[in-house]
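Asker: Contents of input-v3.cif (mmCIF, C-alpha atoms):
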```
data_query
#
loop_
_atom_site.group_PDB
_atom_site.id
_atom_site.type_symbol
_atom_site.label_atom_id
_atom_site.label_comp_id
_atom_site.auth_asym_id
_atom_site.auth_seq_id
_atom_site.Cartn_x
_atom_site.Cartn_y
_atom_site.Cartn_z
ATOM 1 C CA MET A 1 -28.689 -51.775 12.098
ATOM 2 C CA SER A 2 -31.038 -49.238 10.482
ATOM 3 C CA LEU A 3 -30.909 -45.483 11.017
ATOM 4 C CA TRP A 4 -33.959 -45.595 13.257
ATOM 5 C CA GLN A 5 -32.367 -48.323 15.356
ATOM 6 C CA ARG A 6 -29.289 -46.148 15.847
ATOM 7 C CA LEU A 7 -31.352 -43.066 16.620
ATOM 8 C CA LEU A 8 -33.418 -45.025 19.125
ATOM 9 C CA GLY A 9 -30.322 -46.280 20.912
ATOM 10 C CA GLY A 10 -30.227 -49.733 19.354
ATOM 11 C CA ARG A 11 -33.880 -50.633 19.914
ATOM 12 C CA ALA A 12 -35.462 -52.012 16.759
ATOM 13 C CA ARG A 13 -38.833 -50.663 15.674
ATOM 14 C CA PRO A 14 -41.727 -53.150 15.788
ATOM 15 C CA THR A 15 -42.059 -55.258 12.648
ATOM 16 C CA PRO A 16 -45.350 -54.573 10.829
ATOM 17 C CA SER A 17 -47.822 -57.463 10.901
ATOM 18 C CA ARG A 18 -48.249 -59.550 7.756
ATOM 19 C CA SER A 19 -51.710 -58.107 7.337
ATOM 20 C CA THR A 20 -50.303 -54.595 6.831
ATOM 21 C CA PRO A 21 -50.665 -53.682 3.152
ATOM 22 C CA ALA A 22 -47.335 -53.355 1.377
ATOM 23 C CA THR A 23 -48.522 -50.123 -0.139
ATOM 24 C CA ARG A 24 -49.223 -48.452 3.227
ATOM 25 C CA ALA A 25 -47.954 -44.851 3.149
ATOM 26 C CA LEU A 26 -44.963 -44.159 5.358
ATOM 27 C CA SER A 27 -45.470 -41.942 8.359
ATOM 28 C CA PRO A 28 -43.680 -38.553 8.217
ATOM 29 C CA SER A 29 -41.143 -39.823 10.765
ATOM 30 C CA ASP A 30 -40.381 -42.995 8.774
ATOM 31 C CA GLU A 31 -40.171 -41.042 5.529
ATOM 32 C CA ALA A 32 -37.679 -38.630 7.125
ATOM 33 C CA ALA A 33 -35.595 -41.510 8.490
ATOM 34 C CA ASN A 34 -35.453 -43.240 5.105
ATOM 35 C CA TRP A 35 -34.531 -39.960 3.395
ATOM 36 C CA ALA A 36 -31.747 -39.259 5.861
ATOM 37 C CA GLU A 37 -30.401 -42.825 5.710
ATOM 38 C CA ARG A 38 -30.187 -42.677 1.923
ATOM 39 C CA LEU A 39 -28.246 -39.402 1.993
ATOM 40 C CA ARG A 40 -26.032 -40.498 4.891
ATOM 41 C CA SER A 41 -25.084 -43.720 3.129
ATOM 42 C CA ALA A 42 -24.168 -41.777 -0.005
ATOM 43 C CA GLY A 43 -22.238 -39.128 1.922
ATOM 44 C CA GLU A 44 -24.542 -36.405 0.626
ATOM 45 C CA TRP A 45 -23.905 -34.124 3.573
ATOM 46 C CA GLU A 46 -24.736 -30.869 1.821
ATOM 47 C CA GLU A 47 -28.118 -32.180 0.714
ATOM 48 C CA LEU A 48 -28.842 -33.166 4.305
ATOM 49 C CA ALA A 49 -27.820 -29.684 5.452
ATOM 50 C CA ALA A 50 -29.953 -28.069 2.733
ATOM 51 C CA ILE A 51 -33.134 -29.067 4.568
ATOM 52 C CA PHE A 52 -32.464 -26.271 7.093
ATOM 53 C CA ASN A 53 -32.496 -23.660 4.324
ATOM 54 C CA SER A 54 -35.533 -25.108 2.589
ATOM 55 C CA THR A 55 -38.513 -22.779 2.303
ATOM 56 C CA ASP A 56 -40.886 -25.541 1.200
ATOM 57 C CA TYR A 57 -43.105 -26.027 4.229
ATOM 58 C CA SER A 58 -45.681 -28.264 2.555
ATOM 59 C CA ASP A 59 -46.705 -31.614 4.026
ATOM 60 C CA ALA A 60 -45.152 -33.355 1.037
ATOM 61 C CA ALA A 61 -41.753 -31.733 1.686
ATOM 62 C CA ASN A 62 -41.859 -32.952 5.320
ATOM 63 C CA LYS A 63 -39.306 -30.294 6.303
ATOM 64 C CA TRP A 64 -39.754 -30.404 10.062
ATOM 65 C CA LYS A 65 -39.346 -34.171 10.497
ATOM 66 C CA ARG A 66 -36.481 -34.250 7.987
ATOM 67 C CA ARG A 67 -34.804 -31.346 9.775
ATOM 68 C CA ASP A 68 -34.980 -33.106 13.142
ATOM 69 C CA VAL A 69 -33.430 -36.296 11.754
ATOM 70 C CA ALA A 70 -30.828 -34.336 9.757
ATOM 71 C CA ARG A 71 -29.699 -32.559 12.926
ATOM 72 C CA LEU A 72 -29.037 -35.900 14.615
ATOM 73 C CA VAL A 73 -27.290 -37.420 11.594
ATOM 74 C CA LEU A 74 -25.058 -34.412 10.945
ATOM 75 C CA GLY A 75 -24.206 -34.146 14.615
ATOM 76 C CA LYS A 76 -23.020 -37.759 14.634
ATOM 77 C CA ALA A 77 -21.174 -37.425 11.320
ATOM 78 C CA GLY A 78 -18.691 -34.956 12.777
ATOM 79 C CA ARG A 79 -16.028 -33.389 10.597
ATOM 80 C CA GLN A 80 -16.824 -35.392 7.485
ATOM 81 C CA CYS A 81 -19.993 -33.325 7.043
ATOM 82 C CA GLN A 82 -18.377 -29.947 7.724
ATOM 83 C CA ASP A 83 -17.685 -28.834 4.131
ATOM 84 C CA GLY A 84 -21.247 -29.529 3.055
ATOM 85 C CA VAL A 85 -22.686 -27.754 6.104
ATOM 86 C CA LEU A 86 -20.381 -24.768 5.531
ATOM 87 C CA ARG A 87 -21.556 -24.434 1.927
ATOM 88 C CA GLN A 88 -25.172 -24.293 3.049
ATOM 89 C CA PHE A 89 -24.257 -21.949 5.907
ATOM 90 C CA SER A 90 -22.637 -19.523 3.440
ATOM 91 C CA MET A 91 -25.929 -19.177 1.547
ATOM 92 C CA ASN A 92 -27.339 -17.052 4.375
ATOM 93 C CA GLY A 93 -30.627 -18.929 4.241
ATOM 94 C CA VAL A 94 -33.443 -19.323 6.738
ATOM 95 C CA GLY A 95 -31.617 -22.083 8.579
ATOM 96 C CA GLN A 96 -28.282 -20.310 9.040
ATOM 97 C CA HIS A 97 -28.526 -20.187 12.838
ATOM 98 C CA GLU A 98 -29.327 -23.915 13.019
ATOM 99 C CA LEU A 99 -26.393 -24.707 10.730
ATOM 100 C CA ALA A 100 -24.211 -22.537 12.984
ATOM 101 C CA GLU A 101 -25.114 -24.720 15.953
ATOM 102 C CA ILE A 102 -24.237 -27.845 13.947
ATOM 103 C CA LEU A 103 -20.868 -26.359 12.962
ATOM 104 C CA ALA A 104 -20.187 -25.523 16.607
ATOM 105 C CA SER A 105 -21.014 -29.096 17.634
ATOM 106 C CA VAL A 106 -18.740 -30.489 14.900
ATOM 107 C CA GLY A 107 -16.003 -28.435 16.536
ATOM 108 C CA ASP A 108 -13.494 -27.782 13.762
ATOM 109 C CA GLN A 109 -11.326 -24.666 13.556
ATOM 110 C CA ALA A 110 -12.283 -24.130 9.904
ATOM 111 C CA SER A 111 -15.674 -22.871 11.113
ATOM 112 C CA VAL A 112 -14.243 -20.127 13.332
ATOM 113 C CA GLU A 113 -13.926 -17.346 10.747
ATOM 114 C CA PRO A 114 -17.399 -17.743 9.159
ATOM 115 C CA LEU A 115 -19.047 -17.967 12.585
ATOM 116 C CA VAL A 116 -17.273 -14.817 13.794
ATOM 117 C CA ARG A 117 -18.248 -12.982 10.622
ATOM 118 C CA CYS A 118 -21.946 -13.861 10.960
ATOM 119 C CA PHE A 119 -22.164 -13.668 14.770
ATOM 120 C CA PRO A 120 -24.698 -10.771 15.014
ATOM 121 C CA LYS A 121 -27.181 -12.638 12.806
ATOM 122 C CA PHE A 122 -27.630 -15.302 15.488
ATOM 123 C CA GLY A 123 -28.789 -12.823 18.141
ATOM 124 C CA PRO A 124 -32.558 -13.217 17.726
ATOM 125 C CA TYR A 125 -32.322 -17.022 18.012
ATOM 126 C CA GLY A 126 -32.285 -18.022 21.654
ATOM 127 C CA GLY A 127 -29.151 -19.839 22.730
ATOM 128 C CA CYS A 128 -27.375 -19.782 19.367
ATOM 129 C CA GLN A 129 -24.885 -17.027 20.201
ATOM 130 C CA SER A 130 -24.042 -18.682 23.497
ATOM 131 C CA ILE A 131 -23.315 -21.996 21.750
ATOM 132 C CA VAL A 132 -21.162 -20.257 19.148
ATOM 133 C CA LEU A 133 -19.172 -18.127 21.604
ATOM 134 C CA HIS A 134 -18.210 -21.164 23.681
ATOM 135 C CA PHE A 135 -17.107 -22.872 20.475
ATOM 136 C CA LEU A 136 -14.982 -19.830 19.558
ATOM 137 C CA ALA A 137 -13.368 -19.849 22.997
ATOM 138 C CA ARG A 138 -12.050 -23.347 22.268
ATOM 139 C CA PHE A 139 -9.886 -21.920 19.480
ATOM 140 C CA PRO A 140 -8.388 -18.772 21.018
ATOM 141 C CA SER A 141 -6.655 -16.377 18.669
ATOM 142 C CA LEU A 142 -6.085 -12.644 18.548
ATOM 143 C CA GLU A 143 -7.774 -12.606 15.143
ATOM 144 C CA THR A 144 -10.958 -14.002 16.678
ATOM 145 C CA ALA A 145 -10.785 -11.447 19.494
ATOM 146 C CA ARG A 146 -10.388 -8.596 17.000
ATOM 147 C CA GLY A 147 -13.385 -9.884 15.084
ATOM 148 C CA MET A 148 -15.535 -9.988 18.211
ATOM 149 C CA GLU A 149 -14.531 -6.511 19.400
ATOM 150 C CA GLN A 150 -16.638 -4.885 16.688
ATOM 151 C CA TYR A 151 -19.799 -6.385 18.188
ATOM 152 C CA LEU A 152 -19.328 -4.654 21.551
ATOM 153 C CA THR A 153 -21.237 -1.711 20.079
ATOM 154 C CA ASP A 154 -23.869 -3.691 18.179
ATOM 155 C CA GLU A 155 -27.345 -2.159 18.332
ATOM 156 C CA TYR A 156 -28.778 -5.414 19.740
ATOM 157 C CA SER A 157 -28.116 -5.700 23.481
ATOM 158 C CA PRO A 158 -27.761 -9.529 23.686
ATOM 159 C CA THR A 159 -25.106 -9.403 20.962
ATOM 160 C CA ARG A 160 -23.111 -6.871 23.014
ATOM 161 C CA VAL A 161 -23.433 -9.106 26.080
ATOM 162 C CA HIS A 162 -22.272 -12.210 24.221
ATOM 163 C CA ALA A 163 -19.408 -10.397 22.489
ATOM 164 C CA ALA A 164 -18.126 -9.227 25.881
ATOM 165 C CA GLN A 165 -18.524 -12.741 27.285
ATOM 166 C CA CYS A 166 -16.527 -14.200 24.411
ATOM 167 C CA LEU A 167 -13.739 -11.645 24.847
ATOM 168 C CA GLY A 168 -13.739 -12.340 28.571
ATOM 169 C CA LEU A 169 -13.246 -16.036 27.866
ATOM 170 C CA LEU A 170 -10.524 -15.379 25.278
ATOM 171 C CA GLY A 171 -8.697 -13.052 27.678
ATOM 172 C CA TYR A 172 -6.416 -11.151 25.301
ATOM 173 C CA PRO A 173 -4.874 -7.990 26.848
ATOM 174 C CA GLU A 174 -5.053 -6.429 23.394
ATOM 175 C CA SER A 175 -8.857 -6.340 23.787
ATOM 176 C CA LEU A 176 -8.728 -4.193 26.937
ATOM 177 C CA PRO A 177 -8.987 -0.788 25.184
ATOM 178 C CA ALA A 178 -12.091 -1.872 23.256
ATOM 179 C CA LEU A 179 -13.679 -3.392 26.357
ATOM 180 C CA VAL A 180 -12.995 -0.336 28.532
ATOM 181 C CA LYS A 181 -14.419 1.977 25.864
ATOM 182 C CA ALA A 182 -17.502 -0.246 25.595
ATOM 183 C CA LEU A 183 -17.890 -0.304 29.393
ATOM 184 C CA ASP A 184 -17.852 3.493 29.485
ATOM 185 C CA LYS A 185 -20.631 3.593 26.897
ATOM 186 C CA ASP A 186 -22.731 0.586 27.945
ATOM 187 C CA SER A 187 -21.655 -0.656 31.350
ATOM 188 C CA SER A 188 -24.763 -2.799 31.904
ATOM 189 C CA SER A 189 -24.457 -5.063 28.843
ATOM 190 C CA ILE A 190 -20.666 -5.294 28.784
ATOM 191 C CA ARG A 191 -20.356 -5.935 32.511
ATOM 192 C CA SER A 192 -23.047 -8.636 32.288
ATOM 193 C CA GLY A 193 -21.053 -10.370 29.553
ATOM 194 C CA LEU A 194 -17.801 -10.167 31.493
ATOM 195 C CA GLN A 195 -19.489 -11.466 34.627
ATOM 196 C CA ALA A 196 -20.867 -14.412 32.624
ATOM 197 C CA ALA A 197 -17.336 -15.178 31.390
ATOM 198 C CA GLY A 198 -16.189 -15.420 35.011
ATOM 199 C CA THR A 199 -12.483 -15.584 34.134
ATOM 200 C CA ASP A 200 -9.723 -13.888 36.138
ATOM 201 C CA PHE A 201 -9.210 -11.603 33.137
ATOM 202 C CA ALA A 202 -12.861 -10.525 33.176
ATOM 203 C CA LYS A 203 -13.043 -10.105 36.962
ATOM 204 C CA ALA A 204 -9.885 -7.982 37.066
ATOM 205 C CA LEU A 205 -11.196 -5.738 34.302
ATOM 206 C CA ILE A 206 -14.521 -5.173 36.073
ATOM 207 C CA THR A 207 -12.772 -4.355 39.351
ATOM 208 C CA LYS A 208 -10.355 -1.883 37.785
ATOM 209 C CA TRP A 209 -13.075 -0.198 35.729
ATOM 210 C CA GLU A 210 -15.411 0.162 38.731
ATOM 211 C CA GLU A 211 -12.607 1.681 40.796
ATOM 212 C CA LYS A 212 -11.951 4.226 38.049
ATOM 213 C CA ARG A 213 -15.640 5.100 37.745
ATOM 214 C CA ARG A 214 -16.049 5.520 41.510
ATOM 215 C CA ALA A 215 -13.152 7.955 41.554
ATOM 216 C CA THR A 216 -15.041 10.219 39.142
ATOM 217 C CA GLN A 217 -18.503 9.845 40.712
ATOM 218 C CA PRO A 218 -19.877 11.356 43.937
ATOM 219 C CA THR A 219 -19.439 9.154 47.002
ATOM 220 C CA ALA A 220 -22.883 8.007 48.123
ATOM 221 C CA SER A 221 -21.911 7.890 51.801
ATOM 222 C CA LEU A 222 -21.178 11.643 51.731
ATOM 223 C CA MET A 223 -24.287 12.708 49.803
ATOM 224 C CA SER A 224 -27.224 14.587 51.305
ATOM 225 C CA ASP A 225 -30.834 13.663 50.573
ATOM 226 C CA SER A 226 -31.107 16.459 48.014
ATOM 227 C CA GLU A 227 -27.931 15.288 46.224
ATOM 228 C CA MET A 228 -29.201 11.721 46.128
ATOM 229 C CA LEU A 229 -32.579 12.839 44.834
ATOM 230 C CA LYS A 230 -30.942 14.896 42.095
ATOM 231 C CA VAL A 231 -29.128 11.793 40.808
ATOM 232 C CA LEU A 232 -32.199 9.585 41.061
ATOM 233 C CA ARG A 233 -34.450 12.128 39.303
ATOM 234 C CA SER A 234 -31.923 12.464 36.483
ATOM 235 C CA LEU A 235 -31.786 8.695 36.150
ATOM 236 C CA CYS A 236 -35.593 8.408 36.022
ATOM 237 C CA ASP A 237 -35.648 11.070 33.311
ATOM 238 C CA ALA A 238 -32.980 9.165 31.354
ATOM 239 C CA TYR A 239 -35.029 5.972 31.665
ATOM 240 C CA SER A 240 -38.197 7.662 30.402
ATOM 241 C CA GLN A 241 -36.317 9.276 27.484
ATOM 242 C CA ASN A 242 -34.412 6.077 26.668
ATOM 243 C CA ASP A 243 -31.131 8.015 26.946
ATOM 244 C CA ARG A 244 -28.755 5.048 27.128
ATOM 245 C CA SER A 245 -25.550 7.022 27.609
ATOM 246 C CA GLN A 246 -27.067 9.010 30.492
ATOM 247 C CA VAL A 247 -28.461 5.835 32.039
ATOM 248 C CA GLU A 248 -25.022 4.233 31.904
ATOM 249 C CA SER A 249 -23.376 7.223 33.550
ATOM 250 C CA LEU A 250 -25.891 7.343 36.436
ATOM 251 C CA GLU A 251 -26.775 3.727 37.224
ATOM 252 C CA ILE A 252 -23.616 2.947 39.171
ATOM 253 C CA THR A 253 -24.160 5.949 41.446
ATOM 254 C CA ALA A 254 -27.837 5.029 41.814
ATOM 255 C CA THR A 255 -26.826 1.527 42.876
ATOM 256 C CA GLU A 256 -24.433 2.919 45.462
ATOM 257 C CA ILE A 257 -27.143 5.277 46.742
ATOM 258 C CA GLY A 258 -29.441 2.285 47.225
ATOM 259 C CA GLN A 259 -26.694 0.365 49.009
ATOM 260 C CA GLU A 260 -25.902 3.331 51.256
ATOM 261 C CA LEU A 261 -29.563 3.845 52.171
ATOM 262 C CA ASN A 262 -29.862 0.133 52.909
ATOM 263 C CA ARG A 263 -26.772 0.345 55.136
ATOM 264 C CA ARG A 264 -28.271 3.268 57.055
ATOM 265 C CA GLY A 265 -31.740 1.885 57.633
ATOM 266 C CA GLY A 266 -32.579 -1.027 55.380
ATOM 267 C CA LYS A 267 -35.634 -1.126 53.147
ATOM 268 C CA ASN A 268 -37.484 1.535 55.153
ATOM 269 C CA GLU A 269 -34.750 4.094 54.485
ATOM 270 C CA MET A 270 -34.740 3.213 50.795
ATOM 271 C CA LEU A 271 -38.529 3.620 50.682
ATOM 272 C CA ARG A 272 -38.334 7.000 52.415
ATOM 273 C CA LEU A 273 -36.240 8.494 49.628
ATOM 274 C CA PHE A 274 -38.000 6.541 46.888
ATOM 275 C CA LYS A 275 -41.365 8.049 47.864
ATOM 276 C CA MET A 276 -39.890 11.555 47.533
ATOM 277 C CA LEU A 277 -39.626 10.936 43.797
ATOM 278 C CA ASP A 278 -43.441 10.836 43.616
ATOM 279 C CA ALA A 279 -44.897 9.281 40.449
ATOM 280 C CA ARG A 280 -42.041 10.386 38.210
ATOM 281 C CA PRO A 281 -41.789 8.725 34.767
ATOM 282 C CA GLY A 282 -39.057 6.103 34.886
ATOM 283 C CA LEU A 283 -39.613 5.408 38.576
ATOM 284 C CA ARG A 284 -40.648 1.819 37.933
ATOM 285 C CA THR A 285 -37.348 1.161 36.150
ATOM 286 C CA LEU A 286 -35.412 2.555 39.115
ATOM 287 C CA GLU A 287 -37.448 0.264 41.375
ATOM 288 C CA MET A 288 -36.332 -2.716 39.261
ATOM 289 C CA HIS A 289 -32.750 -1.435 39.165
ATOM 290 C CA TRP A 290 -32.573 -1.574 42.962
ATOM 291 C CA ASP A 291 -33.812 -5.173 43.002
ATOM 292 C CA GLY A 292 -31.603 -7.333 45.223
ATOM 293 C CA ILE A 293 -30.226 -4.524 47.413
ATOM 294 C CA GLY A 294 -30.974 -5.708 50.920
ATOM 295 C CA ASP A 295 -34.633 -6.703 51.121
ATOM 296 C CA TRP A 296 -35.640 -4.539 48.167
ATOM 297 C CA MET A 297 -37.634 -6.405 45.544
ATOM 298 C CA GLY A 298 -38.076 -4.731 42.163
#
```
Mind turning the file's structure into structure tokens?

Answerer:
Amino acid sequence: MSLWQRLLGGRARPTPSRSTPATRALSPSDEAANWAERLRSAGEWEELAAIFNSTDYSDAANKWKRRDVARLVLGKAGRQCQDGVLRQFSMNGVGQHELAEILASVGDQASVEPLVRCFPKFGPYGGCQSIVLHFLARFPSLETARGMEQYLTDEYSPTRVHAAQCLGLLGYPESLPALVKALDKDSSSIRSGLQAAGTDFAKALITKWEEKRRATQPTASLMSDSEMLKVLRSLCDAYSQNDRSQVESLEITATEIGQELNRRGGKNEMLRLFKMLDARPGLRTLEMHWDGIGDWMG
């Protein structure tokens, strides 16, 4: 059975009529299939993987069709293609994130260290970090956890989220100090990652951290209007100035203020205080922050 028959689930492609000239040029899809079949038969896995790093985007190079077929072939090849894929991955080329996804699908422990080391580079490519972190969670080790801890403070927010999610899935107590420190600095991203992990380890950490933070913050149920407004004005100012540390220190209290106002009088009570902030810069961000509290829609 030909490569195309396998890729099409066993259905043979139509046989050309006898009137078709023998010299008819292959379509880009057929050319890519023939190319991939030749390399697959010869076990030339690295050459197949090299198409992802190719920077020749000409019609003659047929990169996009070849890449699509190569992804299928390498995915089916499994561990026998891993060394070749790893060599191309190590070149840090334009296709590194795609090769990372292939390595994750192959699912061999030998890929853990290089994927941890390059993890931040996958951030801009939608879905890649998520695929990799779930792969890493299949091979839990303290070494992997230590490697991921450094990304809790990465400048790119999605990388911080995914690093926290990975550590939540791994669940090593040794990671608690790094996670707590990261929560204190960037509660939004780190908490989102832990919530996505959804493990008992992650849930317990969130609960304990929130209890500690509440003990050091004013209790919303005991605050006057002026005290609430002071917090909300400070938060709006932090939003407008992009002061992340100040935002992190105030958002929990702002959430509890919204919840307390909702408890007292629902959306109307929330609106009453919200309107007292006038047209303050950052107000729109506060409006979005309160989204989901009672009937409030940000």

Asker: When the PyMOL selection byres ((chain A and resi 148) around 10) is applied to the file above, which residues end up in the set, as a list in words?

Answerer: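 With the shown file as input, the PyMOL selection byres ((chain A and resi 148) around 10) matches Val116, Arg117, Phe119, Pro120, Leu133, Leu136, Leu142, Glu143, Thr144, Ala145, Arg146, Gly147, Glu149, Gln150, Tyr151, Leu152, Thr159, Arg160, His162, Ala163, Ala164, Gln165, Cys166, Leu167 and Ser175 of chain A.
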
Asker: Between atom CA of Tyr172 of chain A and atom CA of Asp108 of chain A, what is the distance, to one decimal in Å?

Answerer: 21.4 Å

Asker: Quick one: distance from atom CA of Gly126 of chain A to atom CA of Glu113 of chain A in Å, one decimal?

Answerer: 21.4 Å

Asker: As an exercise, work out the distance from atom CA of Ser130 of chain A to atom CA of Pro114 of chain A in Å and give it to one decimal place.

Answerer: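 Distance between the two atoms: 15.8 Å.
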
Asker: Expand the PyMOL selection byres ((chain A and resi 273-286) around 6) into the explicit residue set it covers here, and present it as a list of chain:residue names.

Answerer: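 Here the PyMOL selection byres ((chain A and resi 273-286) around 6) matches A:Cys236, A:Tyr239, A:Ser240, A:Met270, A:Leu271, A:Arg272, A:Glu287, A:Met288, A:His289.
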
Asker: If you apply the PyMOL selection byres ((chain A and resi 185-194) around 9) to this file, what residues do you get, as a JSON list (two decimals) with C-alpha atoms, keeping the file's coordinate frame?

Answerer:
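See result23.json below for the written result:
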```json
[["chain", "number", "residue", "atom", "x", "y", "z"],
["A", 152, "LEU", "CA", -19.33, -4.65, 21.55],
["A", 153, "THR", "CA", -21.24, -1.71, 20.08],
["A", 157, "SER", "CA", -28.12, -5.70, 23.48],
["A", 158, "PRO", "CA", -27.76, -9.53, 23.69],
["A", 160, "ARG", "CA", -23.11, -6.87, 23.01],
["A", 161, "VAL", "CA", -23.43, -9.11, 26.08],
["A", 162, "HIS", "CA", -22.27, -12.21, 24.22],
["A", 163, "ALA", "CA", -19.41, -10.40, 22.49],
["A", 164, "ALA", "CA", -18.13, -9.23, 25.88],
["A", 165, "GLN", "CA", -18.52, -12.74, 27.28],
["A", 166, "CYS", "CA", -16.53, -14.20, 24.41],
["A", 167, "LEU", "CA", -13.74, -11.64, 24.85],
["A", 168, "GLY", "CA", -13.74, -12.34, 28.57],
["A", 169, "LEU", "CA", -13.25, -16.04, 27.87],
["A", 179, "LEU", "CA", -13.68, -3.39, 26.36],
["A", 180, "VAL", "CA", -13.00, -0.34, 28.53],
["A", 181, "LYS", "CA", -14.42, 1.98, 25.86],
["A", 182, "ALA", "CA", -17.50, -0.25, 25.60],
["A", 183, "LEU", "CA", -17.89, -0.30, 29.39],
["A", 184, "ASP", "CA", -17.85, 3.49, 29.48],
["A", 195, "GLN", "CA", -19.49, -11.47, 34.63],
["A", 196, "ALA", "CA", -20.87, -14.41, 32.62],
["A", 197, "ALA", "CA", -17.34, -15.18, 31.39],
["A", 198, "GLY", "CA", -16.19, -15.42, 35.01],
["A", 199, "THR", "CA", -12.48, -15.58, 34.13],
["A", 201, "PHE", "CA", -9.21, -11.60, 33.14],
["A", 202, "ALA", "CA", -12.86, -10.52, 33.18],
["A", 203, "LYS", "CA", -13.04, -10.10, 36.96],
["A", 205, "LEU", "CA", -11.20, -5.74, 34.30],
["A", 206, "ILE", "CA", -14.52, -5.17, 36.07],
["A", 244, "ARG", "CA", -28.76, 5.05, 27.13],
["A", 245, "SER", "CA", -25.55, 7.02, 27.61],
["A", 247, "VAL", "CA", -28.46, 5.84, 32.04],
["A", 248, "GLU", "CA", -25.02, 4.23, 31.90],
["A", 249, "SER", "CA", -23.38, 7.22, 33.55],
["A", 251, "GLU", "CA", -26.78, 3.73, 37.22],
["A", 252, "ILE", "CA", -23.62, 2.95, 39.17]]
```

Asker: Counting only C-alpha atoms, what is within 7 Å of Ala32 of chain A, bar same-chain residues fewer than 5 positions away, as a list in words?

Answerer: Lys65, Arg66 and Val69 of chain A

Asker: Counting only C-alpha atoms, which of A:Glu211, A:His97, A:Met297, A:Leu103 gets nearest to Gln129 of chain A?

Answerer: A:His97

Asker: Measuring atom to atom with all atoms listed in the file, identify which of A:Ala137, A:Ala61, A:Ile257, A:Ala110 is nearest to Ser224 of chain A.

Answerer: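 For Ser224 of chain A, the nearest of the candidates is A:Ile257.
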
Asker: What are the centre and the three edge lengths of an axis-aligned box that wraps all atoms of segment 72-90 of chain A in the file, given that 4 Å is added to every side, written as JSON and rounded to one decimal in Å?

Answerer:
```
{"center_x": -22.5, "center_y": -28.6, "center_z": 8.3, "size_x": 21.0, "size_y": 26.2, "size_z": 20.7}
```

Asker: Find the residues near Leu86 of chain A: any atom within 9 Å, counting all atoms listed in the file, skip ones fewer than 5 places away on the same chain, and give them as a ChimeraX atom specification.

Answerer: /A:46,49,81,91,99-100,103,111,114

Asker: Go ahead and dump the residues you just picked, C-alpha atoms, as a tab-separated table (two decimals), in the frame of the given file.

Answerer:
```tsv
chain	number	residue	atom	x	y	z
A	46	GLU	CA	-24.74	-30.87	1.82
A	49	ALA	CA	-27.82	-29.68	5.45
A	81	CYS	CA	-19.99	-33.33	7.04
A	91	MET	CA	-25.93	-19.18	1.55
A	99	LEU	CA	-26.39	-24.71	10.73
A	100	ALA	CA	-24.21	-22.54	12.98
A	103	LEU	CA	-20.87	-26.36	12.96
A	111	SER	CA	-15.67	-22.87	11.11
A	114	PRO	CA	-17.40	-17.74	9.16
```

Asker: Which polymer residues, protein or nucleic acid, are no farther than 12 Å from (-28.9, -19.4, 13.6), counting only C-alpha atoms, as a ChimeraX atom specification?

Answerer: /A:52-53,89-90,92-104,115,118-132

Asker: Have a look at A:Met223, A:Gln82, A:Arg263, A:Leu176 and name the one nearest to Trp209 of chain A; count only C-alpha atoms.

Answerer: A:Leu176
